[in-house]
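Source file: input.txt. Holds: compact mmCIF, N, CA, C and O atoms.
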# COMPACT_ATOMS: atom_id res chain seq x y z
N MET X 40 -30.46 30.02 -50.50
CA MET X 40 -29.25 30.70 -50.13
C MET X 40 -29.24 32.08 -50.79
O MET X 40 -29.48 32.22 -51.98
N ASN X 41 -28.97 33.09 -50.02
CA ASN X 41 -28.96 34.45 -50.50
C ASN X 41 -27.52 34.85 -50.83
O ASN X 41 -26.67 34.87 -49.95
N HIS X 42 -27.24 35.13 -52.10
CA HIS X 42 -25.90 35.53 -52.52
C HIS X 42 -25.79 37.05 -52.55
O HIS X 42 -26.61 37.71 -53.16
N VAL X 43 -24.80 37.53 -51.87
CA VAL X 43 -24.52 38.95 -51.89
C VAL X 43 -23.37 39.15 -52.85
O VAL X 43 -22.31 38.56 -52.69
N HIS X 44 -23.59 39.96 -53.87
CA HIS X 44 -22.53 40.22 -54.85
C HIS X 44 -21.66 41.36 -54.35
O HIS X 44 -22.13 42.48 -54.20
N GLU X 45 -20.42 41.02 -54.07
CA GLU X 45 -19.48 42.04 -53.65
C GLU X 45 -18.57 42.37 -54.82
O GLU X 45 -18.19 41.49 -55.58
N HIS X 46 -18.25 43.62 -54.92
CA HIS X 46 -17.34 44.03 -55.98
C HIS X 46 -15.92 43.67 -55.53
O HIS X 46 -15.41 44.21 -54.57
N GLN X 47 -15.33 42.73 -56.23
CA GLN X 47 -13.98 42.31 -55.89
C GLN X 47 -13.00 42.93 -56.87
O GLN X 47 -13.24 42.95 -58.07
N LEU X 48 -11.89 43.40 -56.33
CA LEU X 48 -10.84 43.94 -57.17
C LEU X 48 -10.07 42.79 -57.81
O LEU X 48 -9.92 41.74 -57.20
N PRO X 49 -9.59 42.99 -59.02
CA PRO X 49 -8.81 41.93 -59.64
C PRO X 49 -7.52 41.67 -58.87
O PRO X 49 -6.99 42.55 -58.19
N CYS X 50 -7.04 40.46 -58.97
CA CYS X 50 -5.82 40.04 -58.28
C CYS X 50 -4.63 40.19 -59.23
O CYS X 50 -4.71 39.79 -60.39
N LEU X 51 -3.54 40.75 -58.72
CA LEU X 51 -2.34 40.95 -59.55
C LEU X 51 -1.82 39.62 -60.09
O LEU X 51 -1.42 39.53 -61.24
N HIS X 52 -1.87 38.58 -59.28
CA HIS X 52 -1.32 37.29 -59.68
C HIS X 52 -2.32 36.46 -60.48
O HIS X 52 -1.92 35.74 -61.39
N CYS X 53 -3.60 36.57 -60.16
CA CYS X 53 -4.63 35.77 -60.85
C CYS X 53 -5.10 36.41 -62.16
O CYS X 53 -5.38 35.70 -63.12
N GLN X 54 -5.21 37.73 -62.15
CA GLN X 54 -5.73 38.48 -63.30
C GLN X 54 -4.84 39.68 -63.58
O GLN X 54 -5.27 40.82 -63.44
N PRO X 55 -3.59 39.45 -64.00
CA PRO X 55 -2.64 40.58 -64.12
C PRO X 55 -3.08 41.66 -65.10
O PRO X 55 -2.91 42.85 -64.82
N GLN X 56 -3.68 41.28 -66.24
CA GLN X 56 -4.10 42.30 -67.21
C GLN X 56 -5.21 43.17 -66.65
O GLN X 56 -5.20 44.39 -66.82
N GLU X 57 -6.16 42.55 -65.97
CA GLU X 57 -7.26 43.33 -65.39
C GLU X 57 -6.76 44.20 -64.24
O GLU X 57 -7.22 45.32 -64.06
N TYR X 58 -5.82 43.68 -63.47
CA TYR X 58 -5.25 44.45 -62.37
C TYR X 58 -4.51 45.68 -62.90
O TYR X 58 -4.69 46.79 -62.40
N ILE X 59 -3.72 45.49 -63.94
CA ILE X 59 -2.98 46.60 -64.54
C ILE X 59 -3.94 47.63 -65.11
O ILE X 59 -3.74 48.83 -64.95
N ARG X 60 -5.02 47.18 -65.74
CA ARG X 60 -6.03 48.12 -66.25
C ARG X 60 -6.68 48.91 -65.12
O ARG X 60 -6.95 50.10 -65.27
N MET X 61 -6.91 48.24 -64.00
CA MET X 61 -7.49 48.93 -62.85
C MET X 61 -6.52 50.00 -62.34
O MET X 61 -6.93 51.14 -62.08
N VAL X 62 -5.24 49.66 -62.22
CA VAL X 62 -4.24 50.62 -61.76
C VAL X 62 -4.15 51.78 -62.75
O VAL X 62 -4.08 52.94 -62.36
N GLN X 63 -4.18 51.47 -64.04
CA GLN X 63 -4.16 52.51 -65.07
C GLN X 63 -5.34 53.46 -64.89
O GLN X 63 -5.18 54.68 -64.93
N HIS X 64 -6.51 52.91 -64.67
CA HIS X 64 -7.71 53.74 -64.48
C HIS X 64 -7.55 54.63 -63.24
O HIS X 64 -7.90 55.82 -63.27
N LEU X 65 -7.00 54.07 -62.16
CA LEU X 65 -6.81 54.85 -60.94
C LEU X 65 -5.78 55.96 -61.15
O LEU X 65 -5.94 57.06 -60.63
N ILE X 66 -4.72 55.66 -61.91
CA ILE X 66 -3.74 56.70 -62.24
C ILE X 66 -4.40 57.81 -63.03
O ILE X 66 -4.18 59.00 -62.77
N GLU X 67 -5.23 57.44 -64.00
CA GLU X 67 -5.93 58.45 -64.79
C GLU X 67 -6.83 59.30 -63.92
O GLU X 67 -6.95 60.51 -64.13
N ARG X 68 -7.43 58.70 -62.89
CA ARG X 68 -8.24 59.48 -61.95
C ARG X 68 -7.36 60.48 -61.19
O ARG X 68 -7.75 61.61 -60.97
N CYS X 69 -6.17 60.02 -60.79
CA CYS X 69 -5.24 60.92 -60.10
C CYS X 69 -4.87 62.10 -60.99
O CYS X 69 -4.74 63.23 -60.52
N LEU X 70 -4.70 61.84 -62.28
CA LEU X 70 -4.34 62.91 -63.21
C LEU X 70 -5.44 63.95 -63.31
O LEU X 70 -5.15 65.13 -63.47
N THR X 71 -6.69 63.52 -63.16
CA THR X 71 -7.78 64.50 -63.21
C THR X 71 -7.74 65.44 -62.02
O THR X 71 -8.31 66.52 -62.06
N PHE X 72 -7.04 65.03 -60.95
CA PHE X 72 -6.87 65.87 -59.76
C PHE X 72 -5.52 66.59 -59.78
O PHE X 72 -5.09 67.14 -58.76
N HIS X 73 -4.84 66.55 -60.93
CA HIS X 73 -3.56 67.24 -61.15
C HIS X 73 -2.50 66.79 -60.14
O HIS X 73 -1.72 67.61 -59.65
N MET X 74 -2.48 65.51 -59.85
CA MET X 74 -1.52 64.97 -58.91
C MET X 74 -0.21 64.65 -59.62
O MET X 74 -0.20 64.27 -60.78
N SER X 75 0.88 64.79 -58.90
CA SER X 75 2.19 64.40 -59.43
C SER X 75 2.32 62.88 -59.35
O SER X 75 1.47 62.21 -58.74
N ARG X 76 3.37 62.37 -59.93
CA ARG X 76 3.61 60.93 -59.89
C ARG X 76 3.70 60.45 -58.44
O ARG X 76 3.06 59.47 -58.05
N ASP X 77 4.48 61.15 -57.63
CA ASP X 77 4.66 60.73 -56.24
C ASP X 77 3.37 60.82 -55.44
O ASP X 77 3.09 59.96 -54.60
N GLU X 78 2.60 61.86 -55.67
CA GLU X 78 1.31 61.99 -54.99
C GLU X 78 0.38 60.85 -55.38
O GLU X 78 -0.34 60.31 -54.53
N CYS X 79 0.40 60.49 -56.64
CA CYS X 79 -0.43 59.39 -57.14
C CYS X 79 -0.01 58.07 -56.49
O CYS X 79 -0.85 57.29 -56.04
N ILE X 80 1.29 57.83 -56.43
CA ILE X 80 1.80 56.59 -55.82
C ILE X 80 1.36 56.51 -54.36
O ILE X 80 0.88 55.47 -53.91
N LYS X 81 1.48 57.61 -53.64
CA LYS X 81 1.09 57.63 -52.22
C LYS X 81 -0.42 57.42 -52.06
O LYS X 81 -0.87 56.69 -51.18
N ALA X 82 -1.20 58.09 -52.91
CA ALA X 82 -2.65 57.98 -52.81
C ALA X 82 -3.13 56.56 -53.11
O ALA X 82 -3.98 56.02 -52.39
N LEU X 83 -2.58 55.93 -54.13
CA LEU X 83 -3.00 54.57 -54.47
C LEU X 83 -2.55 53.58 -53.39
O LEU X 83 -3.26 52.62 -53.10
N ALA X 84 -1.40 53.81 -52.80
CA ALA X 84 -0.94 52.93 -51.72
C ALA X 84 -1.87 53.06 -50.51
O ALA X 84 -2.26 52.05 -49.91
N LYS X 85 -2.24 54.29 -50.20
CA LYS X 85 -3.07 54.54 -49.01
C LYS X 85 -4.52 54.11 -49.21
O LYS X 85 -5.11 53.44 -48.36
N HIS X 86 -5.11 54.51 -50.34
CA HIS X 86 -6.55 54.32 -50.52
C HIS X 86 -6.93 53.04 -51.25
O HIS X 86 -8.04 52.54 -51.05
N ALA X 87 -6.06 52.52 -52.10
CA ALA X 87 -6.40 51.32 -52.87
C ALA X 87 -5.48 50.14 -52.53
O ALA X 87 -5.63 49.07 -53.10
N HIS X 88 -4.54 50.37 -51.61
CA HIS X 88 -3.61 49.32 -51.17
C HIS X 88 -2.84 48.71 -52.34
O HIS X 88 -2.63 47.50 -52.39
N ILE X 89 -2.41 49.57 -53.25
CA ILE X 89 -1.61 49.13 -54.39
C ILE X 89 -0.16 49.41 -54.08
O ILE X 89 0.19 50.53 -53.67
N GLN X 90 0.67 48.41 -54.26
CA GLN X 90 2.09 48.56 -53.95
C GLN X 90 2.69 49.65 -54.83
O GLN X 90 2.43 49.70 -56.04
N PRO X 91 3.51 50.52 -54.24
CA PRO X 91 4.12 51.61 -55.01
C PRO X 91 4.87 51.14 -56.27
O PRO X 91 4.80 51.79 -57.30
N VAL X 92 5.54 50.00 -56.20
CA VAL X 92 6.28 49.52 -57.36
C VAL X 92 5.33 49.19 -58.52
O VAL X 92 5.67 49.39 -59.68
N VAL X 93 4.13 48.75 -58.21
CA VAL X 93 3.15 48.45 -59.26
C VAL X 93 2.67 49.75 -59.89
O VAL X 93 2.63 49.87 -61.12
N THR X 94 2.32 50.73 -59.07
CA THR X 94 1.87 52.02 -59.59
C THR X 94 2.96 52.66 -60.44
O THR X 94 2.69 53.16 -61.54
N LEU X 95 4.19 52.63 -59.95
CA LEU X 95 5.31 53.22 -60.69
C LEU X 95 5.52 52.51 -62.03
O LEU X 95 5.75 53.16 -63.05
N THR X 96 5.41 51.20 -62.04
CA THR X 96 5.59 50.45 -63.29
C THR X 96 4.51 50.79 -64.30
O THR X 96 4.80 51.02 -65.48
N VAL X 97 3.27 50.86 -63.86
CA VAL X 97 2.17 51.21 -64.77
C VAL X 97 2.32 52.66 -65.22
O VAL X 97 2.11 52.98 -66.39
N TRP X 98 2.71 53.54 -64.30
CA TRP X 98 2.94 54.96 -64.65
C TRP X 98 3.97 55.06 -65.76
O TRP X 98 3.78 55.78 -66.73
N ARG X 99 5.08 54.34 -65.62
CA ARG X 99 6.13 54.37 -66.64
C ARG X 99 5.63 53.87 -67.98
O ARG X 99 6.00 54.41 -69.02
N GLY X 100 4.81 52.83 -67.96
CA GLY X 100 4.22 52.32 -69.20
C GLY X 100 3.34 53.36 -69.87
O GLY X 100 3.40 53.56 -71.08
N LEU X 101 2.52 54.03 -69.07
CA LEU X 101 1.67 55.09 -69.62
C LEU X 101 2.50 56.23 -70.18
O LEU X 101 2.19 56.79 -71.24
N LEU X 102 3.57 56.57 -69.48
CA LEU X 102 4.46 57.64 -69.93
C LEU X 102 5.08 57.30 -71.28
O LEU X 102 5.14 58.14 -72.18
N GLU X 103 5.53 56.06 -71.44
CA GLU X 103 6.13 55.63 -72.70
C GLU X 103 5.13 55.70 -73.86
O GLU X 103 5.48 56.09 -74.97
N GLU X 104 3.90 55.31 -73.59
CA GLU X 104 2.88 55.27 -74.63
C GLU X 104 2.30 56.65 -74.94
O GLU X 104 1.73 56.84 -76.01
N ASN X 105 2.43 57.58 -74.02
CA ASN X 105 1.76 58.89 -74.16
C ASN X 105 2.70 60.04 -73.83
O ASN X 105 2.35 60.92 -73.05
N ARG X 106 3.87 60.06 -74.41
CA ARG X 106 4.89 61.07 -74.10
C ARG X 106 4.37 62.49 -74.29
O ARG X 106 4.60 63.36 -73.46
N GLY X 107 3.67 62.74 -75.38
CA GLY X 107 3.16 64.08 -75.66
C GLY X 107 2.20 64.55 -74.59
O GLY X 107 2.28 65.69 -74.12
N PHE X 108 1.29 63.68 -74.21
CA PHE X 108 0.32 64.03 -73.16
C PHE X 108 1.04 64.36 -71.86
O PHE X 108 0.76 65.37 -71.23
N PHE X 109 1.97 63.49 -71.45
CA PHE X 109 2.65 63.71 -70.18
C PHE X 109 3.53 64.95 -70.21
O PHE X 109 3.65 65.65 -69.20
N HIS X 110 4.12 65.24 -71.35
CA HIS X 110 4.92 66.47 -71.46
C HIS X 110 4.03 67.68 -71.19
O HIS X 110 4.38 68.57 -70.41
N ARG X 111 2.86 67.71 -71.83
CA ARG X 111 1.93 68.81 -71.61
C ARG X 111 1.40 68.80 -70.18
O ARG X 111 1.23 69.85 -69.56
N TYR X 112 1.14 67.62 -69.64
CA TYR X 112 0.60 67.50 -68.28
C TYR X 112 1.60 68.04 -67.26
O TYR X 112 1.25 68.83 -66.39
N PHE X 113 2.86 67.60 -67.37
CA PHE X 113 3.88 68.06 -66.41
C PHE X 113 4.08 69.56 -66.52
O PHE X 113 4.27 70.24 -65.51
N HIS X 114 4.02 70.07 -67.73
CA HIS X 114 4.17 71.53 -67.93
C HIS X 114 2.99 72.26 -67.27
O HIS X 114 3.17 73.31 -66.65
N ALA X 115 1.80 71.70 -67.38
CA ALA X 115 0.60 72.35 -66.83
C ALA X 115 0.58 72.34 -65.31
O ALA X 115 0.10 73.30 -64.69
N ILE X 116 1.09 71.28 -64.68
CA ILE X 116 1.00 71.20 -63.22
C ILE X 116 2.23 71.75 -62.51
O ILE X 116 2.21 71.93 -61.30
N SER X 117 3.31 72.01 -63.25
CA SER X 117 4.52 72.51 -62.59
C SER X 117 4.30 73.96 -62.18
O SER X 117 3.61 74.72 -62.85
N PRO X 118 4.91 74.35 -61.05
CA PRO X 118 4.73 75.73 -60.59
C PRO X 118 5.34 76.70 -61.59
O PRO X 118 6.29 76.36 -62.29
N PRO X 119 4.80 77.91 -61.65
CA PRO X 119 5.34 78.90 -62.59
C PRO X 119 6.80 79.21 -62.27
O PRO X 119 7.18 79.20 -61.11
N HIS X 120 7.56 79.45 -63.29
CA HIS X 120 8.96 79.77 -63.11
C HIS X 120 9.12 81.17 -62.55
O HIS X 120 8.31 82.05 -62.80
N PHE X 121 10.18 81.38 -61.81
CA PHE X 121 10.47 82.68 -61.23
C PHE X 121 10.80 83.66 -62.35
O PHE X 121 11.60 83.39 -63.21
N THR X 122 10.13 84.74 -62.33
CA THR X 122 10.44 85.79 -63.31
C THR X 122 10.89 87.01 -62.55
O THR X 122 10.27 87.41 -61.56
N SER X 123 11.97 87.59 -62.99
CA SER X 123 12.49 88.76 -62.28
C SER X 123 11.77 90.02 -62.73
O SER X 123 11.30 90.13 -63.85
N ARG X 124 11.71 90.96 -61.83
CA ARG X 124 11.11 92.25 -62.15
C ARG X 124 12.14 93.08 -62.90
O ARG X 124 13.34 92.91 -62.71
N PRO X 125 11.70 94.00 -63.73
CA PRO X 125 12.64 94.82 -64.50
C PRO X 125 13.63 95.58 -63.63
O PRO X 125 14.75 95.83 -64.04
N THR X 126 13.25 95.93 -62.40
CA THR X 126 14.14 96.70 -61.54
C THR X 126 15.17 95.82 -60.83
O THR X 126 16.12 96.32 -60.26
N GLU X 127 14.95 94.51 -60.82
CA GLU X 127 15.88 93.63 -60.14
C GLU X 127 17.12 93.38 -61.00
O GLU X 127 17.05 93.36 -62.22
N ARG X 128 18.22 93.20 -60.33
CA ARG X 128 19.47 92.95 -61.03
C ARG X 128 19.48 91.52 -61.57
O ARG X 128 19.12 90.58 -60.88
N LYS X 129 19.90 91.37 -62.80
CA LYS X 129 20.05 90.05 -63.39
C LYS X 129 21.51 89.66 -63.29
O LYS X 129 22.39 90.43 -63.62
N PHE X 130 21.73 88.46 -62.83
CA PHE X 130 23.09 87.98 -62.64
C PHE X 130 23.59 87.30 -63.90
O PHE X 130 22.86 86.62 -64.59
N ASN X 131 24.86 87.50 -64.16
CA ASN X 131 25.50 86.88 -65.30
C ASN X 131 26.37 85.75 -64.77
O ASN X 131 27.33 85.99 -64.04
N PHE X 132 26.04 84.51 -65.14
CA PHE X 132 26.77 83.36 -64.62
C PHE X 132 27.80 82.83 -65.61
O PHE X 132 28.29 81.73 -65.46
N ARG X 133 28.13 83.61 -66.63
CA ARG X 133 29.16 83.17 -67.56
C ARG X 133 30.49 83.06 -66.84
O ARG X 133 30.75 83.77 -65.87
N ARG X 134 31.34 82.20 -67.35
CA ARG X 134 32.67 82.04 -66.75
C ARG X 134 33.49 83.29 -66.90
O ARG X 134 33.52 83.90 -67.96
N ARG X 135 34.14 83.66 -65.86
CA ARG X 135 35.03 84.81 -65.90
C ARG X 135 36.41 84.34 -66.33
O ARG X 135 36.76 83.18 -66.14
N LYS X 136 37.17 85.26 -66.85
CA LYS X 136 38.54 84.91 -67.25
C LYS X 136 39.34 84.52 -66.02
O LYS X 136 39.17 85.09 -64.94
N GLN X 137 40.18 83.54 -66.18
CA GLN X 137 41.03 83.07 -65.08
C GLN X 137 42.09 84.13 -64.76
O GLN X 137 42.59 84.81 -65.64
N TRP X 138 42.44 84.24 -63.49
CA TRP X 138 43.53 85.13 -63.07
C TRP X 138 44.84 84.55 -63.53
O TRP X 138 45.07 83.37 -63.48
N LYS X 139 45.76 85.40 -63.95
CA LYS X 139 47.07 84.93 -64.37
C LYS X 139 48.08 85.05 -63.26
O LYS X 139 48.04 85.84 -62.40
Could you show the structure in this file as structure tokens?
Amino acid sequence: MNHVHEHQLPCLHCQPQEYIRMVQHLIERCLTFHMSRDECIKALAKHAHIQPVVTLTVWRGLLEENRGFFHRYFHAISPPHFTSRPTERKFNFRRRKQWK
């Protein structure tokens, strides 16, 4: 009998720790592509058939364990803030005095 070894993904219900580690690894791969949380959730659902709630749960766990990293990561991938040119008028949004 000829056995063909197929790479099987761990089962969430049979091997929860291994499944979570696999999802964690896939999230880390998404981070290398500078993906946002939502992009990562969509990509794992589409390409790895991982339920979004599972990806979100593992993402939150990683965020709790690595707050400093994620703070720097979100800062690095967020679009640059709008900066006004010196010739543009700057608006003052302070409260004005009420009319009497």
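Here atom CA of X:Ser75 is placed at a distance of 19.2 Å from atom CA of X:Ile59.
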Rank nothing, just name the residue among X:Arg76, X:Glu57, X:His52, X:Arg68 nearest to X:Phe109, using only C-alpha atoms. X:Arg76
Could you give me, as a VMD selection string, the residues within 8 Å of stretch 91-93 of chain X, counting only N, CA, C and O atoms and dropping anything in the same chain fewer than 2 positions from it? chain X and resid 59 62 to 63 76 79 to 81 83 to 85 88 to 89 95 to 100
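Atom CA of X:Thr94 is found 10.8 Å from atom CA of X:Tyr58.
The interatomic distance for the pair atom CA of X:Pro49 and atom O of X:Leu101 works out to 21.8 Å.
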